[in-house]
$ cat entry-v5.cif   # mmCIF, C-alpha atoms, pLDDT in the B column; chains and numbers go by the auth columns
data_coords
#
loop_
_atom_site.group_PDB
_atom_site.id
_atom_site.type_symbol
_atom_site.label_atom_id
_atom_site.label_comp_id
_atom_site.label_asym_id
_atom_site.label_seq_id
_atom_site.Cartn_x
_atom_site.Cartn_y
_atom_site.Cartn_z
_atom_site.B_iso_or_equiv
_atom_site.auth_seq_id
_atom_site.auth_asym_id
ATOM 1 C CA MET A 1 128.637 105.645 -13.741 51.00 43 A
ATOM 2 C CA THR A 2 128.044 109.179 -12.493 62.00 44 A
ATOM 3 C CA ASP A 3 125.610 111.692 -13.907 65.00 45 A
ATOM 4 C CA PRO A 4 127.564 114.250 -16.041 66.00 46 A
ATOM 5 C CA ASN A 5 125.078 116.959 -15.028 63.00 47 A
ATOM 6 C CA ALA A 6 125.407 116.301 -11.290 64.00 48 A
ATOM 7 C CA ASP A 7 127.775 119.250 -10.660 71.00 49 A
ATOM 8 C CA ARG A 8 125.885 121.725 -12.843 73.00 50 A
ATOM 9 C CA PRO A 9 124.014 124.420 -10.967 76.00 51 A
ATOM 10 C CA GLU A 10 120.341 125.011 -11.503 87.00 52 A
ATOM 11 C CA ILE A 11 119.617 127.561 -14.231 90.00 53 A
ATOM 12 C CA ILE A 12 116.872 130.097 -13.626 90.00 54 A
ATOM 13 C CA ARG A 13 115.654 131.801 -16.779 90.00 55 A
ATOM 14 C CA ILE A 14 114.082 135.247 -16.687 86.00 56 A
ATOM 15 C CA ASP A 15 112.250 136.500 -19.740 83.00 57 A
ATOM 16 C CA CYS A 16 112.428 140.268 -20.178 89.00 58 A
ATOM 17 C CA SER A 17 109.118 141.913 -19.276 90.00 59 A
ATOM 18 C CA ASP A 18 109.641 144.541 -22.003 93.00 60 A
ATOM 19 C CA CYS A 19 110.506 142.396 -25.012 92.00 61 A
ATOM 20 C CA HIS A 20 109.701 138.882 -23.749 90.00 62 A
ATOM 21 C CA GLY A 21 113.037 137.594 -25.031 88.00 63 A
ATOM 22 C CA TRP A 22 113.760 133.870 -24.848 88.00 64 A
ATOM 23 C CA PRO A 23 116.742 131.610 -25.512 89.00 65 A
ATOM 24 C CA ALA A 24 117.490 131.898 -29.212 89.00 66 A
ATOM 25 C CA ARG A 25 120.658 132.337 -31.274 89.00 67 A
ATOM 26 C CA GLU A 26 119.914 135.955 -32.255 92.00 68 A
ATOM 27 C CA HIS A 27 118.770 137.012 -28.755 92.00 69 A
ATOM 28 C CA ILE A 28 121.001 138.490 -26.061 92.00 70 A
ATOM 29 C CA ARG A 29 121.672 136.685 -22.794 92.00 71 A
ATOM 30 C CA TYR A 30 122.911 138.230 -19.574 88.00 72 A
ATOM 31 C CA SER A 31 123.886 135.677 -16.976 91.00 73 A
ATOM 32 C CA TRP A 32 125.209 135.789 -13.430 90.00 74 A
ATOM 33 C CA VAL A 33 125.854 133.402 -10.574 92.00 75 A
ATOM 34 C CA ASP A 34 123.660 133.685 -7.502 87.00 76 A
ATOM 35 C CA THR A 35 125.873 132.288 -4.752 87.00 77 A
ATOM 36 C CA GLU A 36 123.117 132.440 -2.142 87.00 78 A
ATOM 37 C CA LYS A 37 120.760 130.252 -4.184 84.00 79 A
ATOM 38 C CA ASN A 38 123.627 128.295 -5.795 87.00 80 A
ATOM 39 C CA CYS A 39 122.217 128.789 -9.270 91.00 81 A
ATOM 40 C CA LEU A 40 122.905 130.482 -12.581 93.00 82 A
ATOM 41 C CA THR A 41 120.405 133.156 -13.629 93.00 83 A
ATOM 42 C CA GLU A 42 119.859 134.105 -17.263 93.00 84 A
ATOM 43 C CA LEU A 43 118.004 137.175 -18.540 92.00 85 A
ATOM 44 C CA TRP A 44 117.088 137.169 -22.230 93.00 86 A
ATOM 45 C CA HIS A 45 116.465 140.186 -24.492 94.00 87 A
ATOM 46 C CA LEU A 46 115.619 140.792 -28.122 94.00 88 A
ATOM 47 C CA PRO A 47 118.325 142.916 -29.823 92.00 89 A
ATOM 48 C CA GLU A 48 115.968 145.911 -30.199 94.00 90 A
ATOM 49 C CA CYS A 49 114.690 145.755 -26.596 95.00 91 A
ATOM 50 C CA PRO A 50 114.648 149.188 -24.891 95.00 92 A
ATOM 51 C CA SER A 51 115.748 147.673 -21.555 93.00 93 A
ATOM 52 C CA TYR A 52 118.703 145.986 -23.221 92.00 94 A
ATOM 53 C CA LEU A 53 119.711 149.203 -25.011 94.00 95 A
ATOM 54 C CA ILE A 54 119.567 151.169 -21.729 94.00 96 A
ATOM 55 C CA GLU A 55 121.638 148.493 -19.934 90.00 97 A
ATOM 56 C CA ARG A 56 124.180 148.513 -22.751 91.00 98 A
ATOM 57 C CA ILE A 57 124.475 152.325 -22.808 95.00 99 A
ATOM 58 C CA MET A 58 124.852 152.426 -19.031 95.00 100 A
ATOM 59 C CA GLY A 59 127.460 149.646 -19.116 93.00 101 A
ATOM 60 C CA GLU A 60 129.488 151.356 -21.832 96.00 102 A
ATOM 61 C CA ASP A 61 129.303 154.686 -19.980 97.00 103 A
ATOM 62 C CA SER A 62 130.436 153.023 -16.766 96.00 104 A
ATOM 63 C CA ALA A 63 133.373 151.378 -18.542 97.00 105 A
ATOM 64 C CA ARG A 64 134.366 154.707 -20.125 97.00 106 A
ATOM 65 C CA ARG A 65 134.227 156.539 -16.784 97.00 107 A
ATOM 66 C CA TYR A 66 136.256 153.762 -15.126 95.00 108 A
ATOM 67 C CA GLU A 67 138.948 154.018 -17.805 96.00 109 A
ATOM 68 C CA GLU A 68 139.072 157.808 -17.416 96.00 110 A
ATOM 69 C CA ARG A 69 139.437 157.547 -13.619 94.00 111 A
ATOM 70 C CA SER A 70 142.099 154.855 -13.973 89.00 112 A
ATOM 71 C CA ALA A 71 144.100 156.911 -16.471 93.00 113 A
ATOM 72 C CA ARG A 72 143.879 159.984 -14.229 93.00 114 A
ATOM 73 C CA ALA A 73 144.992 157.922 -11.211 87.00 115 A
ATOM 74 C CA ARG A 74 147.938 156.379 -13.106 85.00 116 A
ATOM 75 C CA ALA A 75 149.042 159.855 -14.193 90.00 117 A
ATOM 76 C CA SER A 76 148.636 161.390 -10.709 90.00 118 A
ATOM 77 C CA PHE A 77 150.059 158.577 -8.589 84.00 119 A
ATOM 78 C CA PRO A 78 153.819 159.231 -9.045 86.00 120 A
ATOM 79 C CA ALA A 79 153.540 162.850 -7.850 89.00 121 A
ATOM 80 C CA ALA A 80 151.241 161.906 -4.957 87.00 122 A
ATOM 81 C CA HIS A 81 153.655 159.145 -3.964 84.00 123 A
ATOM 82 C CA GLN A 82 156.551 161.600 -3.920 88.00 124 A
ATOM 83 C CA ARG A 83 154.539 163.983 -1.729 88.00 125 A
ATOM 84 C CA LEU A 84 153.856 161.125 0.686 84.00 126 A
ATOM 85 C CA LEU A 85 157.555 160.234 0.843 84.00 127 A
ATOM 86 C CA ALA A 86 158.455 163.877 1.514 86.00 128 A
ATOM 87 C CA ALA A 87 155.826 164.156 4.253 85.00 129 A
ATOM 88 C CA ALA A 88 156.985 160.872 5.827 84.00 130 A
ATOM 89 C CA ALA A 89 160.584 162.111 5.853 84.00 131 A
ATOM 90 C CA SER A 90 159.500 165.275 7.656 84.00 132 A
ATOM 91 C CA VAL A 91 158.117 163.304 10.645 81.00 133 A
ATOM 92 C CA GLU A 92 161.220 161.177 11.214 73.00 134 A
ATOM 93 C CA GLY A 93 162.125 163.130 14.366 76.00 135 A
ATOM 94 C CA ASN A 94 158.630 162.678 15.804 83.00 136 A
ATOM 95 C CA ALA A 95 158.734 159.341 17.665 82.00 137 A
ATOM 96 C CA ALA A 96 154.953 159.088 17.912 84.00 138 A
ATOM 97 C CA ALA A 97 154.255 159.735 14.217 86.00 139 A
ATOM 98 C CA ALA A 98 157.221 157.863 12.711 85.00 140 A
ATOM 99 C CA PRO A 99 155.739 154.323 12.830 87.00 141 A
ATOM 100 C CA PHE A 100 152.502 155.528 11.224 87.00 142 A
ATOM 101 C CA ALA A 101 154.371 157.286 8.439 88.00 143 A
ATOM 102 C CA ALA A 102 156.664 154.287 7.885 87.00 144 A
ATOM 103 C CA ALA A 103 153.772 151.794 7.745 89.00 145 A
ATOM 104 C CA LEU A 104 151.775 154.003 5.393 88.00 146 A
ATOM 105 C CA THR A 105 154.798 154.543 3.159 87.00 147 A
ATOM 106 C CA GLN A 106 155.514 150.802 3.026 88.00 148 A
ATOM 107 C CA LEU A 107 151.902 149.964 2.145 88.00 149 A
ATOM 108 C CA VAL A 108 151.698 152.653 -0.524 86.00 150 A
ATOM 109 C CA GLN A 109 154.963 151.340 -2.007 86.00 151 A
ATOM 110 C CA ALA A 110 153.516 147.801 -2.020 86.00 152 A
ATOM 111 C CA GLN A 111 150.482 149.160 -3.855 83.00 153 A
ATOM 112 C CA ALA A 112 152.727 150.961 -6.351 81.00 154 A
ATOM 113 C CA ASP A 113 154.770 147.803 -6.945 82.00 155 A
ATOM 114 C CA THR A 114 151.751 145.643 -7.715 77.00 156 A
ATOM 115 C CA THR A 115 149.529 148.266 -9.409 67.00 157 A
ATOM 116 C CA GLY A 116 146.750 146.131 -8.084 71.00 158 A
ATOM 117 C CA PHE A 117 145.518 144.949 -4.743 80.00 159 A
ATOM 118 C CA VAL A 118 147.666 144.730 -1.612 84.00 160 A
ATOM 119 C CA VAL A 119 146.719 141.426 -0.019 86.00 161 A
ATOM 120 C CA LEU A 120 145.994 140.938 3.667 87.00 162 A
ATOM 121 C CA THR A 121 149.275 139.123 4.324 88.00 163 A
ATOM 122 C CA GLU A 122 151.257 142.183 3.182 87.00 164 A
ATOM 123 C CA TRP A 123 149.138 144.438 5.389 86.00 165 A
ATOM 124 C CA VAL A 124 149.774 142.225 8.412 89.00 166 A
ATOM 125 C CA GLU A 125 153.521 142.026 7.712 89.00 167 A
ATOM 126 C CA ALA A 126 153.827 145.805 7.378 87.00 168 A
ATOM 127 C CA LEU A 127 151.719 146.554 10.432 87.00 169 A
ATOM 128 C CA GLU A 128 153.486 143.975 12.613 89.00 170 A
ATOM 129 C CA GLN A 129 156.855 145.317 11.476 88.00 171 A
ATOM 130 C CA HIS A 130 155.999 148.860 12.572 86.00 172 A
ATOM 131 C CA PHE A 131 153.585 147.971 15.391 85.00 173 A
ATOM 132 C CA PRO A 132 154.854 144.664 16.786 84.00 174 A
ATOM 133 C CA PRO A 133 152.466 142.737 19.019 80.00 175 A
ATOM 134 C CA GLU A 134 153.252 142.869 22.719 78.00 176 A
ATOM 135 C CA GLN A 135 153.053 139.093 22.982 68.00 177 A
ATOM 136 C CA PRO A 136 154.067 136.596 20.336 63.00 178 A
ATOM 137 C CA ASN A 137 151.274 135.989 17.875 61.00 179 A
ATOM 138 C CA PRO A 138 150.308 132.305 18.175 64.00 180 A
ATOM 139 C CA LYS A 139 150.359 130.454 14.882 68.00 181 A
ATOM 140 C CA PRO A 140 146.948 129.046 13.890 66.00 182 A
ATOM 141 C CA GLU A 141 146.750 125.305 13.807 61.00 183 A
#
$ encode --input "entry-v5.cif" --output "structure tokens"
Amino acid sequence: MTDPNADRPEIIRIDCSDCHGWPAREHIRYSWVDTEKNCLTELWHLPECPSYLIERIMGEDSARRYEERSARARASFPAAHQRLLAAAASVEGNAAAAPFAAALTQLVQAQADTTGFVVLTEWVEALEQHFPPEQPNPKPE
């Protein structure tokens, strides 16, 4: 029979130096994974702790600013994308600039299609399409 706790990481508990919070139902726990030490760290606060209130205010402010920036970016992206397409079309006669404009346009379109993160494989496909390697790229084994 195996130990059910064998795969559980070590838990390091930090008591707040301001309020001396500890694990209790009414107390607040922040936790994060420390991948370097392969452990879970917990920081405990009392609900009225000044450090906790500052962390909470800063976190809420950061979330609000992120939402504002995201909304502004979503509203501005279509016009910026159209400007990019117009600029890319204007360099079509320039043989040196055309591959750069085409690759950039393709990557920006991939970003627009996902509204998220363009993964490395899409970057490589776009770049190899517009800037093919001189020799065949060996497939990794």
$ atom_distance --input "entry-v5.cif" --atom1 "atom CA of A:Leu146" --atom2 "atom CA of A:Ala128"
12.5 Å
$ residues_near_point --input "entry-v5.cif" --point "(114.7, 133.6, -23.2)" --cutoff "10 Å" --atoms "all atoms listed in the file" --output "list in words"
Arg55, Ile56, Asp57, Cys58, Cys61, His62, Gly63, Trp64, Pro65, Ala66, His69, Ile70, Arg71, Glu84, Leu85, Trp86, His87 and Leu88 of chain A
$ axis_aligned_box --input "entry-v5.cif" --around "stretch 166-173 of chain A" --padding-each-side "4 Å" --output "JSON"
{"center_x": 153.3, "center_y": 145.4, "center_z": 11.4, "size_x": 15.1, "size_y": 14.8, "size_z": 16.0}
$ residues_around --input "entry-v5.cif" --residues "A:Pro120" --least-positions-apart "6" --cutoff "12 Å" --atoms "all atoms listed in the file" --output "JSON, numbers by chain"
{"A": [114, 126, 127, 150, 151, 153, 154, 155, 157]}
$ atom_distance --input "entry-v5.cif" --atom1 "atom CA of A:Ala130" --atom2 "atom CA of A:Phe159"
22.3 Å
$ resolve_selection --input "entry-v5.cif" --expression "the PyMOL selection byres ((chain A and resi 164) around 12)" --output "PyMOL selection string"
chain A and resi 145+148-153+156+159-163+165-171
$ residues_around --input "entry-v5.cif" --residues "A:Ile54" --least-positions-apart "3" --cutoff "8 Å" --atoms "only C-alpha atoms" --output "list of chain:residue names"
A:Cys81, A:Leu82, A:Thr83, A:Glu84
$ atom_distance --input "entry-v5.cif" --atom1 "atom CA of A:Phe119" --atom2 "atom CA of A:Glu134"
22.9 Å
$ closest_residue --input "entry-v5.cif" --among "A:Asp60, A:Arg50, A:Arg116, A:Glu109" --to "A:Leu95" --atoms "all atoms listed in the file"
A:Asp60
$ residues_around --input "entry-v5.cif" --residues "A:Ala131" --least-positions-apart "4" --cutoff "10 Å" --atoms "all atoms listed in the file" --output "short mmCIF file (atom, residue, chain, number, x, y, z; two decimals) with C-alpha atoms, in the coordinates of the input"
data_model
loop_
_atom_site.label_atom_id
_atom_site.label_comp_id
_atom_site.auth_asym_id
_atom_site.auth_seq_id
_atom_site.Cartn_x
_atom_site.Cartn_y
_atom_site.Cartn_z
CA ARG A 125 154.54 163.98 -1.73
CA LEU A 126 153.86 161.12 0.69
CA LEU A 127 157.56 160.23 0.84
CA GLY A 135 162.12 163.13 14.37
CA ALA A 140 157.22 157.86 12.71
CA ALA A 143 154.37 157.29 8.44
CA ALA A 144 156.66 154.29 7.88
CA THR A 147 154.80 154.54 3.16
#
$ closest_residue --input "entry-v5.cif" --among "A:Val75, A:Gly158, A:Glu176, A:Ser132" --to "A:Ser112" --atoms "all atoms listed in the file"
A:Gly158
$ decode --input "entry-v5.cif" --residues "stretch 71-110 of chain A" --atoms "C-alpha atoms" --output "PDB file, in the first residue's frame"
ATOM      1  CA  ARG A  71      -4.699  32.535   3.649  1.00  0.00           C
ATOM      2  CA  TYR A  72      -2.573  33.489   0.673  1.00  0.00           C
ATOM      3  CA  SER A  73      -0.793  30.554  -0.887  1.00  0.00           C
ATOM      4  CA  TRP A  74       1.592  30.061  -3.787  1.00  0.00           C
ATOM      5  CA  VAL A  75       3.760  27.325  -5.233  1.00  0.00           C
ATOM      6  CA  ASP A  76       7.516  27.725  -4.979  1.00  0.00           C
ATOM      7  CA  THR A  77       8.784  25.664  -7.905  1.00  0.00           C
ATOM      8  CA  GLU A  78      12.428  26.089  -6.920  1.00  0.00           C
ATOM      9  CA  LYS A  79      11.893  24.608  -3.451  1.00  0.00           C
ATOM     10  CA  ASN A  80       9.078  22.301  -4.636  1.00  0.00           C
ATOM     11  CA  CYS A  81       6.790  23.396  -1.830  1.00  0.00           C
ATOM     12  CA  LEU A  82       3.564  25.240  -1.127  1.00  0.00           C
ATOM     13  CA  THR A  83       3.891  28.437   0.918  1.00  0.00           C
ATOM     14  CA  GLU A  84       1.023  29.824   2.979  1.00  0.00           C
ATOM     15  CA  LEU A  85       0.820  33.305   4.509  1.00  0.00           C
ATOM     16  CA  TRP A  86      -1.897  33.837   7.116  1.00  0.00           C
ATOM     17  CA  HIS A  87      -3.572  37.124   8.113  1.00  0.00           C
ATOM     18  CA  LEU A  88      -6.281  38.234  10.499  1.00  0.00           C
ATOM     19  CA  PRO A  89      -9.147  39.953   8.612  1.00  0.00           C
ATOM     20  CA  GLU A  90      -8.319  43.368  10.133  1.00  0.00           C
ATOM     21  CA  CYS A  91      -4.563  43.109   9.448  1.00  0.00           C
ATOM     22  CA  PRO A  92      -3.119  46.302   7.893  1.00  0.00           C
ATOM     23  CA  SER A  93      -0.780  44.284   5.637  1.00  0.00           C
ATOM     24  CA  TYR A  94      -3.690  42.230   4.347  1.00  0.00           C
ATOM     25  CA  LEU A  95      -5.788  45.352   3.696  1.00  0.00           C
ATOM     26  CA  ILE A  96      -2.913  46.977   1.760  1.00  0.00           C
ATOM     27  CA  GLU A  97      -2.378  43.789  -0.295  1.00  0.00           C
ATOM     28  CA  ARG A  98      -6.096  43.594  -1.033  1.00  0.00           C
ATOM     29  CA  ILE A  99      -6.347  47.265  -2.076  1.00  0.00           C
ATOM     30  CA  MET A 100      -3.283  46.920  -4.294  1.00  0.00           C
ATOM     31  CA  GLY A 101      -4.639  43.711  -5.842  1.00  0.00           C
ATOM     32  CA  GLU A 102      -8.032  45.255  -6.565  1.00  0.00           C
ATOM     33  CA  ASP A 103      -6.388  48.361  -8.050  1.00  0.00           C
ATOM     34  CA  SER A 104      -4.168  46.204 -10.241  1.00  0.00           C
ATOM     35  CA  ALA A 105      -7.165  44.204 -11.470  1.00  0.00           C
ATOM     36  CA  ARG A 106      -9.079  47.418 -12.237  1.00  0.00           C
ATOM     37  CA  ARG A 107      -6.154  48.906 -14.177  1.00  0.00           C
ATOM     38  CA  TYR A 108      -5.714  45.641 -16.107  1.00  0.00           C
ATOM     39  CA  GLU A 109      -9.392  45.634 -17.091  1.00  0.00           C
ATOM     40  CA  GLU A 110      -9.171  49.272 -18.208  1.00  0.00           C
TER      41      GLU A 110
END
